[in-house]
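**Q** Structure file coords-v2.cif, mmCIF, C-alpha atoms and all ligand atoms, is pasted below:
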```cif
data_start
#
loop_
_atom_site.label_atom_id
_atom_site.label_comp_id
_atom_site.auth_asym_id
_atom_site.auth_seq_id
_atom_site.Cartn_x
_atom_site.Cartn_y
_atom_site.Cartn_z
CA MET A 1 9.58 10.47 28.08
CA GLN A 2 6.28 8.67 27.87
CA LEU A 3 5.03 8.82 24.30
CA THR A 4 2.00 7.24 22.67
CA ASP A 5 2.04 3.73 21.18
CA ARG A 6 1.18 5.40 17.93
CA ILE A 7 4.37 7.42 17.70
CA ASN A 8 6.48 4.56 19.00
CA ARG A 9 5.30 2.40 16.10
CA ILE A 10 7.16 4.52 13.55
CA GLN A 11 10.73 5.65 12.94
CA ILE A 12 12.25 8.82 11.58
CA SER A 13 12.46 8.70 7.79
CA PRO A 14 15.77 6.96 6.93
CA THR A 15 16.25 9.19 3.87
CA ALA A 16 16.05 12.23 6.14
CA ALA A 17 18.68 10.61 8.37
CA VAL A 18 21.10 10.16 5.42
CA ILE A 19 20.56 13.73 4.31
CA ALA A 20 21.31 14.96 7.86
CA GLU A 21 24.58 12.95 7.97
CA ALA A 22 25.69 14.25 4.57
CA ASP A 23 24.80 17.83 5.57
CA LYS A 24 26.89 17.48 8.73
CA LEU A 25 29.92 16.58 6.62
CA LYS A 26 29.21 19.36 4.13
CA SER A 27 29.02 21.92 6.94
CA ARG A 28 32.55 20.86 7.92
CA GLY A 29 33.66 21.76 4.38
CA VAL A 30 33.80 18.17 3.07
CA ASP A 31 33.03 17.78 -0.64
CA VAL A 32 30.24 15.19 -0.60
CA ALA A 33 29.04 13.48 -3.79
CA ASP A 34 25.44 13.51 -2.73
CA PHE A 35 23.06 10.96 -4.23
CA GLY A 36 20.74 11.17 -1.22
CA PRO A 37 18.00 13.72 -1.83
CA GLY A 38 14.84 12.70 -3.60
CA GLU A 39 14.16 16.09 -5.07
CA PRO A 40 14.74 17.86 -8.38
CA ASP A 41 17.89 19.99 -8.45
CA PHE A 42 16.14 22.41 -10.84
CA PRO A 43 14.64 25.67 -9.57
CA THR A 44 10.89 26.20 -9.61
CA PRO A 45 10.03 27.66 -13.07
CA ASP A 46 9.85 31.48 -13.20
CA HIS A 47 6.20 31.72 -14.23
CA ILE A 48 5.23 29.76 -11.10
CA LYS A 49 7.44 31.86 -8.82
CA ASN A 50 5.98 35.04 -10.35
CA ALA A 51 2.43 33.83 -9.66
CA ALA A 52 3.37 33.41 -6.00
CA ILE A 53 4.94 36.89 -5.87
CA LYS A 54 1.77 38.33 -7.39
CA ALA A 55 -0.35 36.48 -4.82
CA ILE A 56 1.71 38.02 -2.01
CA GLU A 57 1.42 41.48 -3.53
CA GLU A 58 -2.34 41.02 -3.85
CA ASN A 59 -2.50 40.04 -0.16
CA LYS A 60 -3.75 36.53 -0.86
CA SER A 61 -2.49 35.65 2.56
CA LYS A 62 -5.68 34.75 4.41
CA TYR A 63 -7.18 31.38 5.28
CA THR A 64 -8.60 29.67 2.23
CA PRO A 65 -11.31 26.99 2.13
CA THR A 66 -9.94 23.91 3.95
CA GLY A 67 -9.93 21.74 0.83
CA GLY A 68 -8.15 24.38 -1.27
CA ILE A 69 -9.22 27.35 -3.38
CA MET A 70 -11.86 26.37 -5.93
CA PRO A 71 -9.84 27.55 -8.98
CA LEU A 72 -7.03 25.19 -7.93
CA ARG A 73 -9.34 22.23 -7.39
CA GLU A 74 -10.83 22.92 -10.84
CA ALA A 75 -7.38 23.31 -12.39
CA ILE A 76 -6.10 20.04 -10.87
CA CYS A 77 -9.09 18.15 -12.29
CA ALA A 78 -8.64 19.80 -15.70
CA TRP A 79 -4.87 19.10 -15.68
CA HIS A 80 -5.37 15.48 -14.67
CA LYS A 81 -7.99 15.01 -17.37
CA ARG A 82 -5.79 16.62 -20.04
CA GLU A 83 -2.53 14.92 -19.03
CA LEU A 84 -3.74 11.56 -17.74
CA GLY A 85 -7.24 11.03 -19.13
CA SER A 86 -9.34 11.05 -15.92
CA SER A 87 -12.73 12.70 -15.34
CA TYR A 88 -12.83 14.17 -11.84
CA GLU A 89 -14.87 17.14 -10.65
CA PRO A 90 -13.70 19.65 -8.03
CA LYS A 91 -15.88 18.00 -5.36
CA GLU A 92 -13.75 14.87 -5.93
CA CYS A 93 -10.51 16.75 -5.27
CA VAL A 94 -8.82 18.05 -2.12
CA VAL A 95 -5.61 20.08 -1.91
CA SER A 96 -3.21 19.16 0.86
CA VAL A 97 0.24 19.97 2.19
CA GLY A 98 2.15 17.73 -0.25
CA GLY A 99 1.64 14.19 -1.52
CA LYS A 100 2.91 12.72 1.75
CA HIS A 101 0.22 14.59 3.66
CA SER A 102 -2.38 13.33 1.18
CA ILE A 103 -1.29 9.73 1.77
CA PHE A 104 -1.20 10.22 5.54
CA ASN A 105 -4.74 11.60 5.52
CA VAL A 106 -6.11 8.85 3.26
CA MET A 107 -4.67 6.21 5.61
CA SER A 108 -6.12 8.06 8.61
CA VAL A 109 -9.63 7.97 7.22
CA LEU A 110 -9.62 4.49 5.64
CA VAL A 111 -7.31 2.29 7.71
CA GLN A 112 -7.62 1.16 11.31
CA LYS A 113 -6.51 -1.62 13.64
CA GLY A 114 -6.94 -5.03 12.05
CA ASP A 115 -6.73 -3.72 8.48
CA GLU A 116 -4.04 -4.87 6.09
CA VAL A 117 -2.51 -2.66 3.44
CA ILE A 118 -0.60 -4.25 0.56
CA ILE A 119 2.63 -2.54 -0.42
CA PRO A 120 4.84 -3.82 -3.25
CA ALA A 121 8.49 -4.00 -2.15
CA PRO A 122 10.93 -2.34 -2.58
CA TYR A 123 8.73 0.51 -1.35
CA TRP A 124 8.99 4.21 -0.61
CA VAL A 125 10.16 4.55 3.00
CA SER A 126 7.08 6.33 4.28
CA PHE A 127 4.39 3.89 3.14
CA PRO A 128 4.76 1.26 5.90
CA ASP A 129 5.16 3.81 8.66
CA ILE A 130 2.11 5.79 7.61
CA VAL A 131 0.09 2.55 7.56
CA LYS A 132 1.39 1.60 11.02
CA TYR A 133 0.63 5.04 12.41
CA ALA A 134 -2.95 4.65 11.22
CA GLY A 135 -3.07 1.32 13.12
CA GLY A 136 -2.93 -0.94 10.06
CA THR A 137 -0.54 -3.72 9.13
CA PRO A 138 1.63 -3.44 6.04
CA VAL A 139 1.76 -6.59 3.90
CA PHE A 140 4.65 -6.65 1.46
CA VAL A 141 4.61 -8.19 -2.00
CA GLU A 142 8.06 -8.65 -3.49
CA THR A 143 8.82 -7.42 -6.99
CA ARG A 144 11.75 -8.64 -9.08
CA PRO A 145 14.46 -6.81 -11.00
CA GLY A 146 13.80 -9.15 -13.95
CA ASP A 147 10.25 -7.69 -14.15
CA GLY A 148 11.61 -4.15 -13.94
CA PHE A 149 10.35 -4.15 -10.32
CA SER A 150 6.77 -4.01 -11.60
CA VAL A 151 4.24 -5.89 -9.48
CA ARG A 152 1.94 -8.49 -11.05
CA ALA A 153 -1.81 -8.73 -10.50
CA SER A 154 -1.45 -12.43 -9.64
CA ALA A 155 0.99 -11.60 -6.80
CA ILE A 156 -1.42 -8.98 -5.45
CA GLU A 157 -4.32 -11.43 -5.55
CA LYS A 158 -2.32 -14.00 -3.57
CA ALA A 159 -1.60 -11.43 -0.84
CA ILE A 160 -5.26 -10.39 -0.42
CA THR A 161 -7.04 -11.63 2.71
CA ARG A 162 -10.37 -10.78 4.32
CA LYS A 163 -8.54 -8.04 6.19
CA THR A 164 -7.10 -6.29 3.12
CA ARG A 165 -8.37 -2.75 2.90
CA LEU A 166 -6.10 -1.04 0.43
CA LEU A 167 -3.27 -1.49 -2.06
CA ILE A 168 -0.65 1.23 -2.53
CA LEU A 169 0.72 1.33 -6.04
CA ASN A 170 3.47 3.85 -6.71
CA SER A 171 4.30 4.02 -10.41
CA PRO A 172 6.89 5.17 -11.42
CA SER A 173 8.36 3.92 -8.19
CA ASN A 174 10.64 5.46 -5.66
CA PRO A 175 13.14 3.78 -5.10
CA THR A 176 13.29 1.37 -8.08
CA GLY A 177 12.00 3.51 -10.96
CA GLY A 178 9.70 0.55 -11.75
CA VAL A 179 6.72 1.35 -13.95
CA VAL A 180 3.56 -0.75 -13.97
CA PRO A 181 2.43 -1.16 -17.61
CA PRO A 182 -1.17 -0.02 -18.27
CA ASP A 183 -2.48 -3.52 -19.07
CA GLU A 184 -1.06 -4.93 -15.81
CA PHE A 185 -2.42 -1.90 -13.93
CA GLU A 186 -5.89 -2.69 -15.28
CA ARG A 187 -5.55 -6.33 -14.25
CA ILE A 188 -4.60 -5.15 -10.78
CA LEU A 189 -7.65 -2.88 -10.72
CA ALA A 190 -9.83 -5.84 -11.68
CA VAL A 191 -8.38 -7.83 -8.75
CA CYS A 192 -9.04 -4.92 -6.38
CA LYS A 193 -12.63 -4.61 -7.61
CA LYS A 194 -13.21 -8.34 -7.25
CA HIS A 195 -12.05 -8.32 -3.63
CA ASN A 196 -13.42 -4.89 -2.76
CA VAL A 197 -10.01 -3.41 -2.01
CA TRP A 198 -9.10 0.25 -2.56
CA LEU A 199 -6.39 0.91 -5.14
CA MET A 200 -4.40 3.98 -4.16
CA GLY A 201 -2.18 5.17 -7.01
CA ASP A 202 0.74 7.37 -6.01
CA GLU A 203 1.48 9.40 -9.15
CA CYS A 204 4.09 11.77 -7.76
CA TYR A 205 6.55 10.83 -10.56
CA SER A 206 3.92 10.46 -13.31
CA HIS A 207 5.65 12.76 -15.77
CA PHE A 208 9.14 11.34 -15.37
CA THR A 209 9.00 8.21 -17.51
CA TYR A 210 11.54 7.05 -20.10
CA ASP A 211 10.98 5.35 -23.42
CA PRO A 212 8.94 3.20 -23.99
CA HIS A 213 6.92 4.21 -20.91
CA LYS A 214 4.47 7.11 -20.96
CA PRO A 215 2.66 9.02 -18.20
CA TYR A 216 -0.34 6.92 -17.21
CA SER A 217 -3.08 7.01 -14.59
CA ILE A 218 -5.30 4.11 -13.61
CA ALA A 219 -8.01 6.78 -13.20
CA SER A 220 -8.26 6.78 -17.00
CA ALA A 221 -9.58 3.18 -16.95
CA ALA A 222 -13.32 2.76 -17.46
CA GLY A 223 -15.22 2.09 -14.24
CA SER A 224 -12.23 2.87 -12.00
CA LYS A 225 -13.75 5.66 -9.93
CA GLU A 226 -15.38 3.72 -7.10
CA HIS A 227 -12.22 1.79 -6.28
CA VAL A 228 -9.41 4.20 -7.09
CA ILE A 229 -7.78 6.97 -5.07
CA ILE A 230 -5.18 9.13 -6.78
CA ILE A 231 -2.36 10.88 -4.94
CA GLY A 232 -0.59 13.63 -6.86
CA SER A 233 1.87 16.37 -6.11
CA VAL A 234 3.49 19.38 -7.74
CA SER A 235 6.73 18.61 -5.88
CA LYS A 236 8.60 16.64 -8.52
CA THR A 237 6.81 17.50 -11.80
CA PHE A 238 7.25 21.24 -11.30
CA ALA A 239 10.34 21.22 -9.05
CA MET A 240 8.28 22.56 -6.13
CA THR A 241 9.22 20.29 -3.22
CA GLY A 242 9.42 23.13 -0.69
CA TRP A 243 6.06 24.66 -1.59
CA ARG A 244 4.21 21.68 -0.11
CA ILE A 245 1.21 21.20 -2.37
CA GLY A 246 -0.30 17.81 -3.13
CA TYR A 247 -3.77 16.54 -3.86
CA THR A 248 -6.10 13.58 -3.60
CA LEU A 249 -8.68 12.60 -6.20
CA GLY A 250 -11.38 10.13 -5.24
CA PRO A 251 -15.06 9.58 -4.47
CA GLU A 252 -16.80 12.61 -2.99
CA ALA A 253 -17.55 10.92 0.37
CA LEU A 254 -13.85 10.19 0.84
CA ILE A 255 -12.90 13.75 -0.11
CA GLN A 256 -15.42 15.07 2.46
CA ALA A 257 -13.77 12.94 5.15
CA LEU A 258 -10.33 14.21 4.14
CA ILE A 259 -11.54 17.81 4.32
CA LYS A 260 -13.03 17.13 7.76
CA LEU A 261 -9.65 15.80 8.94
CA GLN A 262 -7.80 18.82 7.51
CA SER A 263 -10.36 21.13 9.16
CA GLN A 264 -9.20 19.79 12.54
CA SER A 265 -5.49 19.59 11.75
CA THR A 266 -3.59 21.56 9.11
CA SER A 267 -6.51 23.60 7.76
CA ASN A 268 -5.75 24.76 4.22
CA ALA A 269 -2.38 24.35 2.48
CA THR A 270 -0.46 27.65 2.36
CA SER A 271 -2.48 30.19 0.39
CA ILE A 272 0.51 31.58 -1.55
CA ALA A 273 1.67 28.09 -2.50
CA GLN A 274 -1.83 27.30 -3.76
CA TYR A 275 -1.65 30.24 -6.19
CA ALA A 276 1.77 29.03 -7.33
CA ALA A 277 0.34 25.53 -7.89
CA LEU A 278 -2.60 27.08 -9.78
CA GLU A 279 -0.12 28.58 -12.25
CA ALA A 280 1.71 25.23 -12.46
CA MET A 281 -1.54 23.50 -13.41
CA ARG A 282 -2.77 26.17 -15.82
CA GLY A 283 0.46 27.48 -17.28
CA THR A 284 3.02 26.14 -19.73
CA MET A 285 4.40 22.65 -19.17
CA GLU A 286 7.47 23.37 -21.28
CA THR A 287 9.91 22.98 -18.38
CA VAL A 288 8.84 19.36 -17.81
CA PRO A 289 10.33 17.81 -21.00
CA VAL A 290 13.46 19.90 -20.47
CA MET A 291 13.95 18.37 -17.01
CA LEU A 292 13.06 14.92 -18.31
CA ALA A 293 15.65 15.15 -21.11
CA GLU A 294 18.30 16.08 -18.53
CA TYR A 295 17.26 13.19 -16.23
CA ALA A 296 17.43 10.83 -19.22
CA LYS A 297 21.06 11.81 -19.88
CA ARG A 298 21.97 11.36 -16.23
CA ARG A 299 20.15 8.04 -16.06
CA LYS A 300 22.20 6.72 -18.95
CA ARG A 301 25.48 7.87 -17.40
CA ILE A 302 24.79 6.60 -13.90
CA VAL A 303 23.38 3.21 -14.90
CA GLU A 304 26.29 2.57 -17.30
CA GLY A 305 28.78 3.73 -14.67
CA LEU A 306 27.29 1.50 -11.98
CA ARG A 307 27.16 -1.51 -14.29
CA ALA A 308 30.87 -1.07 -15.02
CA ILE A 309 31.71 -1.65 -11.32
CA PRO A 310 32.57 -5.31 -10.59
CA GLY A 311 29.99 -7.00 -8.38
CA VAL A 312 27.32 -4.39 -9.12
CA THR A 313 24.25 -4.92 -11.30
CA CYS A 314 21.65 -2.31 -12.12
CA GLU A 315 18.32 -2.35 -13.98
CA TRP A 316 17.28 0.49 -16.24
CA PRO A 317 14.75 2.46 -14.17
CA GLY A 318 11.59 3.02 -16.23
CA GLY A 319 10.81 6.30 -14.51
CA ALA A 320 11.50 8.71 -11.61
CA PHE A 321 15.12 9.76 -10.96
CA TYR A 322 16.67 6.95 -8.95
CA ALA A 323 19.16 4.22 -9.81
CA PHE A 324 18.78 1.10 -7.67
CA PRO A 325 21.89 -1.04 -7.99
CA ASP A 326 22.18 -4.52 -6.50
CA ILE A 327 25.47 -4.72 -4.60
CA SER A 328 24.66 -7.96 -2.76
CA ALA A 329 27.76 -9.62 -4.30
CA HIS A 330 29.77 -7.41 -1.94
CA LEU A 331 27.82 -8.56 1.12
CA SER A 332 28.80 -12.19 0.97
CA ASN A 333 32.01 -14.09 0.45
CA GLY A 334 32.08 -15.39 -3.08
CA ALA A 335 33.74 -15.32 -6.49
CA GLY A 336 37.08 -14.93 -4.72
CA ARG A 337 35.80 -11.78 -3.03
CA PRO A 338 35.48 -11.46 0.74
CA ALA A 339 32.38 -9.67 2.03
CA LEU A 340 32.86 -5.96 2.36
CA ALA A 341 30.23 -5.67 5.08
CA LYS A 342 27.15 -7.48 6.31
CA THR A 343 24.55 -4.93 5.32
CA CYS A 344 24.01 -2.08 2.90
CA THR A 345 23.52 0.21 5.87
CA GLU A 346 27.13 -0.52 6.83
CA ILE A 347 28.27 -0.03 3.22
CA SER A 348 26.46 3.32 3.08
CA ARG A 349 28.21 4.42 6.24
CA MET A 350 31.58 3.30 4.82
CA LEU A 351 30.88 5.13 1.56
CA LEU A 352 30.11 8.34 3.40
CA GLU A 353 33.11 8.10 5.71
CA ARG A 354 35.72 6.80 3.28
CA VAL A 355 34.91 8.35 -0.08
CA HIS A 356 32.28 10.94 0.91
CA VAL A 357 29.50 9.52 -1.22
CA ALA A 358 25.95 9.77 0.18
CA VAL A 359 23.48 7.04 -0.83
CA VAL A 360 20.44 5.50 0.88
CA PRO A 361 20.79 1.84 1.92
CA GLY A 362 18.28 -0.62 0.48
CA GLU A 363 17.16 -1.74 3.96
CA ALA A 364 15.25 1.56 4.19
CA PHE A 365 13.11 0.39 1.27
CA GLY A 366 12.71 -3.22 2.34
CA ALA A 367 15.45 -4.26 -0.11
CA PRO A 368 18.60 -5.47 1.60
CA GLY A 369 21.39 -5.79 -0.96
CA TYR A 370 20.53 -2.61 -2.82
CA LEU A 371 21.49 1.05 -2.71
CA ARG A 372 19.40 3.99 -3.90
CA LEU A 373 21.18 6.76 -5.78
CA SER A 374 19.21 9.82 -6.76
CA TYR A 375 20.41 11.24 -10.06
CA ALA A 376 18.68 14.55 -9.48
CA THR A 377 22.15 16.05 -9.47
CA SER A 378 24.44 17.42 -12.20
CA ILE A 379 26.29 15.17 -14.63
CA GLU A 380 29.59 16.52 -13.20
CA ARG A 381 28.63 15.38 -9.70
CA ILE A 382 27.52 12.04 -11.10
CA GLU A 383 30.93 11.60 -12.77
CA GLU A 384 32.68 12.53 -9.54
CA GLY A 385 30.51 10.16 -7.51
CA LEU A 386 31.07 7.31 -9.95
CA ARG A 387 34.86 7.79 -9.74
CA ARG A 388 34.65 7.52 -5.97
CA LEU A 389 32.38 4.48 -6.08
CA GLU A 390 34.75 2.78 -8.53
CA ARG A 391 37.65 3.51 -6.18
CA PHE A 392 35.75 2.21 -3.16
CA PHE A 393 34.66 -1.05 -4.76
CA ALA A 394 38.01 -1.54 -6.51
CA ARG A 395 39.69 -1.37 -3.15
CA ALA A 396 37.26 -4.05 -2.06
CA GLU A 397 38.31 -6.08 -5.09
CA ALA A 398 42.00 -5.52 -4.40
CA ALA A 399 41.52 -6.76 -0.85
CA SER A 400 40.18 -10.06 -2.17
C1 LIG A 501 6.77 7.87 -3.86
C2 LIG A 501 6.56 9.18 -3.24
N1 LIG A 501 5.32 9.55 -2.90
C3 LIG A 501 5.06 10.71 -2.32
C4 LIG A 501 6.08 11.61 -2.06
C5 LIG A 501 5.71 12.88 -1.37
O1 LIG A 501 6.09 14.04 -2.00
P1 LIG A 501 5.55 15.43 -1.49
O2 LIG A 501 5.05 15.27 -0.12
O3 LIG A 501 6.71 16.36 -1.59
O4 LIG A 501 4.45 15.80 -2.45
C6 LIG A 501 7.39 11.29 -2.38
C7 LIG A 501 8.51 12.17 -2.04
O5 LIG A 501 9.67 11.83 -2.06
C8 LIG A 501 7.64 10.04 -3.00
O6 LIG A 501 8.88 9.68 -3.34
#
```
Mind converting the file's structure to structure tokens?
Ligand SMILES: Cc1ncc(COP(=O)(O)O)c(C=O)c1O
**A**
Amino acid sequence: MQLTDRINRIQISPTAAVIAEADKLKSRGVDVADFGPGEPDFPTPDHIKNAAIKAIEENKSKYTPTGGIMPLREAICAWHKRELGSSYEPKECVVSVGGKHSIFNVMSVLVQKGDEVIIPAPYWVSFPDIVKYAGGTPVFVETRPGDGFSVRASAIEKAITRKTRLLILNSPSNPTGGVVPPDEFERILAVCKKHNVWLMGDECYSHFTYDPHKPYSIASAAGSKEHVIIIGSVSKTFAMTGWRIGYTLGPEALIQALIKLQSQSTSNATSIAQYAALEAMRGTMETVPVMLAEYAKRRKRIVEGLRAIPGVTCEWPGGAFYAFPDISAHLSNGAGRPALAKTCTEISRMLLERVHVAVVPGEAFGAPGYLRLSYATSIERIEEGLRRLERFFARAEAAS
């Protein structure tokens, strides 16, 4: 079939592909230890669900303004101010169909052929493809495990050219859990200002940070507004991935362009979901620390378990809910150990087939040699998965 150049520039999300493979096995009755999905395993809190039920009962099922209902735009600005210290007004906010949609739309209105977009690597799978779809060129800046996978302002400055239009900074990061410390974030903002480059902060995991890190937004920095775009989402913070509500905060002229694009594409985000998100923003936040405490326990178990496997190293993720172990020792002959496979994609396939463990290979994130394991799953499943991983890599050891 003849398809456009645009669509041929991108690939199906590799995380979605892993989830599909694991689901296929599960549907055949196989017990899969599933570390694939990047979504909370908690249900949406009751008060949010009840707000949606009420909205249905009150027939709030019509089109809404394209940029979202005004109470929600107000509530997002108030929430962001309270939680993260910004100062946006509703005219600087647009509600969209999830954070991914927000990012897609921002790229569509700001990036075109010839533009470069800087993306620290390892990166979330969708960033480069969204940039390519918009016609831009992704430029990767490597981060190091020794720095907690946090990018430095000096590395960003080196990557900037006359063509650089925008920097995507996702902190805490999917897949590494890396958190950019506030002082480094401000240095990065200064670099962006100096070179007239947009700084787009993806804050989807803002509230899942572990000691000593705290939720932080670069929008709280003085004088940030003209150069900063904030992407947020209720998906992870409020366990609402399926509701599809995200938002963008930024200069009014940008927000107007985003609303224009939505007016000719998705129109408004689902009306019922907007009322649910309104309750999320206005209501109690007490479920958030409960989830975070549970993630913290799982993080400890999974990182310790992974570190105990020979040939595997793993940093402590500063935030989000992913462990990102380096298994490159198993990809090359060395230390008396023959290579298990050439790539992590092969290892992931072997893990799924042989011990029924689903993980996402590092290649998907621009990080060959790594695996991503989501620990948004119960401690029992983590224990089971770790037992299988130990068995798998021990067999590799025994074969050496
Ligand atoms: C880094 C990052 N940004 C954005 C998103 C988009 O989330 P959503 O579209 O559900 O709001 C995700 C989802 O996995 C993510 O990991």
**Q** Would you tabulate, counting all atoms listed in the file, all residues of segment 177-258 of chain A that have an atom at most 12 Å from an atom of segment 369-389 of chain A, showing the closest pair of atoms and their distance in Å to one decimal, sorted by chain then ascending number, as a Markdown table?
**A**
```
| residue | atom | partner | partner_atom | distance |
| --- | --- | --- | --- | --- |
| A:Gly177 | CA | A:Arg372 | CA | 10.2 |
| A:Phe208 | CA | A:Ala376 | CA | 11.7 |
| A:Lys236 | CA | A:Ala376 | CA | 10.3 |
| A:Ala239 | CA | A:Ala376 | CA | 10.7 |
```
**Q** Sort by chain and increasing residue number a table of all residues of chain A within 7 Å of ligand LIG 501 (chain A), each with its closest pair of atoms and their distance in Å to one decimal, counting all atoms listed in the file, and write it as JSON lines.
**A**
```
{"residue": "A:Gly38", "atom": "CA", "partner": "A:LIG501", "partner_atom": "O5", "distance": 5.5}
{"residue": "A:Glu39", "atom": "CA", "partner": "A:LIG501", "partner_atom": "O5", "distance": 6.9}
{"residue": "A:Gly98", "atom": "CA", "partner": "A:LIG501", "partner_atom": "O4", "distance": 3.7}
{"residue": "A:Gly99", "atom": "CA", "partner": "A:LIG501", "partner_atom": "O4", "distance": 3.4}
{"residue": "A:Lys100", "atom": "CA", "partner": "A:LIG501", "partner_atom": "O2", "distance": 3.8}
{"residue": "A:His101", "atom": "CA", "partner": "A:LIG501", "partner_atom": "O2", "distance": 6.2}
{"residue": "A:Trp124", "atom": "CA", "partner": "A:LIG501", "partner_atom": "C1", "distance": 5.4}
{"residue": "A:Asn170", "atom": "CA", "partner": "A:LIG501", "partner_atom": "C1", "distance": 5.9}
{"residue": "A:Ser173", "atom": "CA", "partner": "A:LIG501", "partner_atom": "C1", "distance": 6.1}
{"residue": "A:Asn174", "atom": "CA", "partner": "A:LIG501", "partner_atom": "C1", "distance": 4.9}
{"residue": "A:Asp202", "atom": "CA", "partner": "A:LIG501", "partner_atom": "N1", "distance": 5.9}
{"residue": "A:Cys204", "atom": "CA", "partner": "A:LIG501", "partner_atom": "N1", "distance": 5.5}
{"residue": "A:Ser233", "atom": "CA", "partner": "A:LIG501", "partner_atom": "O4", "distance": 4.5}
{"residue": "A:Val234", "atom": "CA", "partner": "A:LIG501", "partner_atom": "O4", "distance": 6.5}
{"residue": "A:Ser235", "atom": "CA", "partner": "A:LIG501", "partner_atom": "O3", "distance": 4.8}
{"residue": "A:Thr241", "atom": "CA", "partner": "A:LIG501", "partner_atom": "O3", "distance": 4.9}
{"residue": "A:Arg244", "atom": "CA", "partner": "A:LIG501", "partner_atom": "O3", "distance": 6.1}
{"residue": "A:Ile245", "atom": "CA", "partner": "A:LIG501", "partner_atom": "O4", "distance": 6.3}
{"residue": "A:Gly246", "atom": "CA", "partner": "A:LIG501", "partner_atom": "O4", "distance": 5.2}
```
**Q** Hey, could you pull the box centre and edge lengths for segment 119-130 of chain A, axis-aligned, 4 Å padding per side, all listed atoms, to one decimal in Å, as lines of an AutoDock Vina configuration file?
**A**
```
center_x = 6.5
center_y = 1.2
center_z = 2.7
size_x = 16.8
size_y = 18.3
size_z = 19.9
```
**Q** Taking into account all atoms listed in the file, which residue in the set A:Cys344, A:Met1, A:Ile76, A:Val139 is nearest to Glu363 of chain A?
**A**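 Closest to Glu363 of chain A of all the choices is A:Cys344.
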**Q** What gap, in Å, lies between atom CA of Ser27 of chain A and atom CA of Arg301 of chain A?
**A**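 Those two atoms sit 28.3 Å apart.
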**Q** Can you pull out the residues contacting Ala159 of chain A? Cut-off 9 Å, using all atoms listed in the file, and skip same-chain residues under 5 positions away; I want them as JSON, numbers by chain.
**A** {"A": [118, 139, 140, 141, 154, 164]}
**Q** Have a look at A:Val97, A:Val32, A:Ala276, A:Val106 and name the one nearest to Lys60 of chain A; count all atoms listed in the file.
**A**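 Using all atoms listed in the file, Lys60 of chain A sits closest to A:Ala276.
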**Q** Complete segment 386-397 of chain A at the level of N, CA and C atoms, written as an mmCIF file, in the coordinates of the input.
**A**
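Saved the output as rebuild.cif:
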```cif
data_model
loop_
_atom_site.group_PDB
_atom_site.id
_atom_site.type_symbol
_atom_site.label_atom_id
_atom_site.label_comp_id
_atom_site.auth_asym_id
_atom_site.auth_seq_id
_atom_site.Cartn_x
_atom_site.Cartn_y
_atom_site.Cartn_z
ATOM 1 N N LEU A 386 30.738 8.612 -9.361
ATOM 2 C CA LEU A 386 31.070 7.310 -9.950
ATOM 3 C C LEU A 386 32.552 6.995 -9.777
ATOM 4 N N ARG A 387 33.411 8.018 -9.943
ATOM 5 C CA ARG A 387 34.860 7.790 -9.740
ATOM 6 C C ARG A 387 35.119 7.293 -8.324
ATOM 7 N N ARG A 388 34.432 7.921 -7.368
ATOM 8 C CA ARG A 388 34.650 7.520 -5.970
ATOM 9 C C ARG A 388 34.108 6.122 -5.696
ATOM 10 N N LEU A 389 32.959 5.825 -6.278
ATOM 11 C CA LEU A 389 32.380 4.480 -6.080
ATOM 12 C C LEU A 389 33.298 3.421 -6.684
ATOM 13 N N GLU A 390 33.823 3.720 -7.888
ATOM 14 C CA GLU A 390 34.750 2.780 -8.530
ATOM 15 C C GLU A 390 35.947 2.531 -7.617
ATOM 16 N N ARG A 391 36.480 3.624 -7.069
ATOM 17 C CA ARG A 391 37.650 3.510 -6.180
ATOM 18 C C ARG A 391 37.310 2.652 -4.956
ATOM 19 N N PHE A 392 36.160 2.927 -4.376
ATOM 20 C CA PHE A 392 35.750 2.210 -3.160
ATOM 21 C C PHE A 392 35.599 0.715 -3.427
ATOM 22 N N PHE A 393 34.868 0.378 -4.491
ATOM 23 C CA PHE A 393 34.660 -1.050 -4.760
ATOM 24 C C PHE A 393 35.905 -1.720 -5.326
ATOM 25 N N ALA A 394 36.758 -0.949 -6.013
ATOM 26 C CA ALA A 394 38.010 -1.540 -6.510
ATOM 27 C C ALA A 394 38.901 -1.909 -5.335
ATOM 28 N N ARG A 395 38.890 -1.066 -4.338
ATOM 29 C CA ARG A 395 39.690 -1.370 -3.150
ATOM 30 C C ARG A 395 39.174 -2.678 -2.528
ATOM 31 N N ALA A 396 37.847 -2.814 -2.573
ATOM 32 C CA ALA A 396 37.260 -4.050 -2.060
ATOM 33 C C ALA A 396 37.728 -5.235 -2.891
ATOM 34 N N GLU A 397 37.815 -5.016 -4.208
ATOM 35 C CA GLU A 397 38.310 -6.080 -5.090
ATOM 36 C C GLU A 397 39.762 -6.411 -4.763
#
```
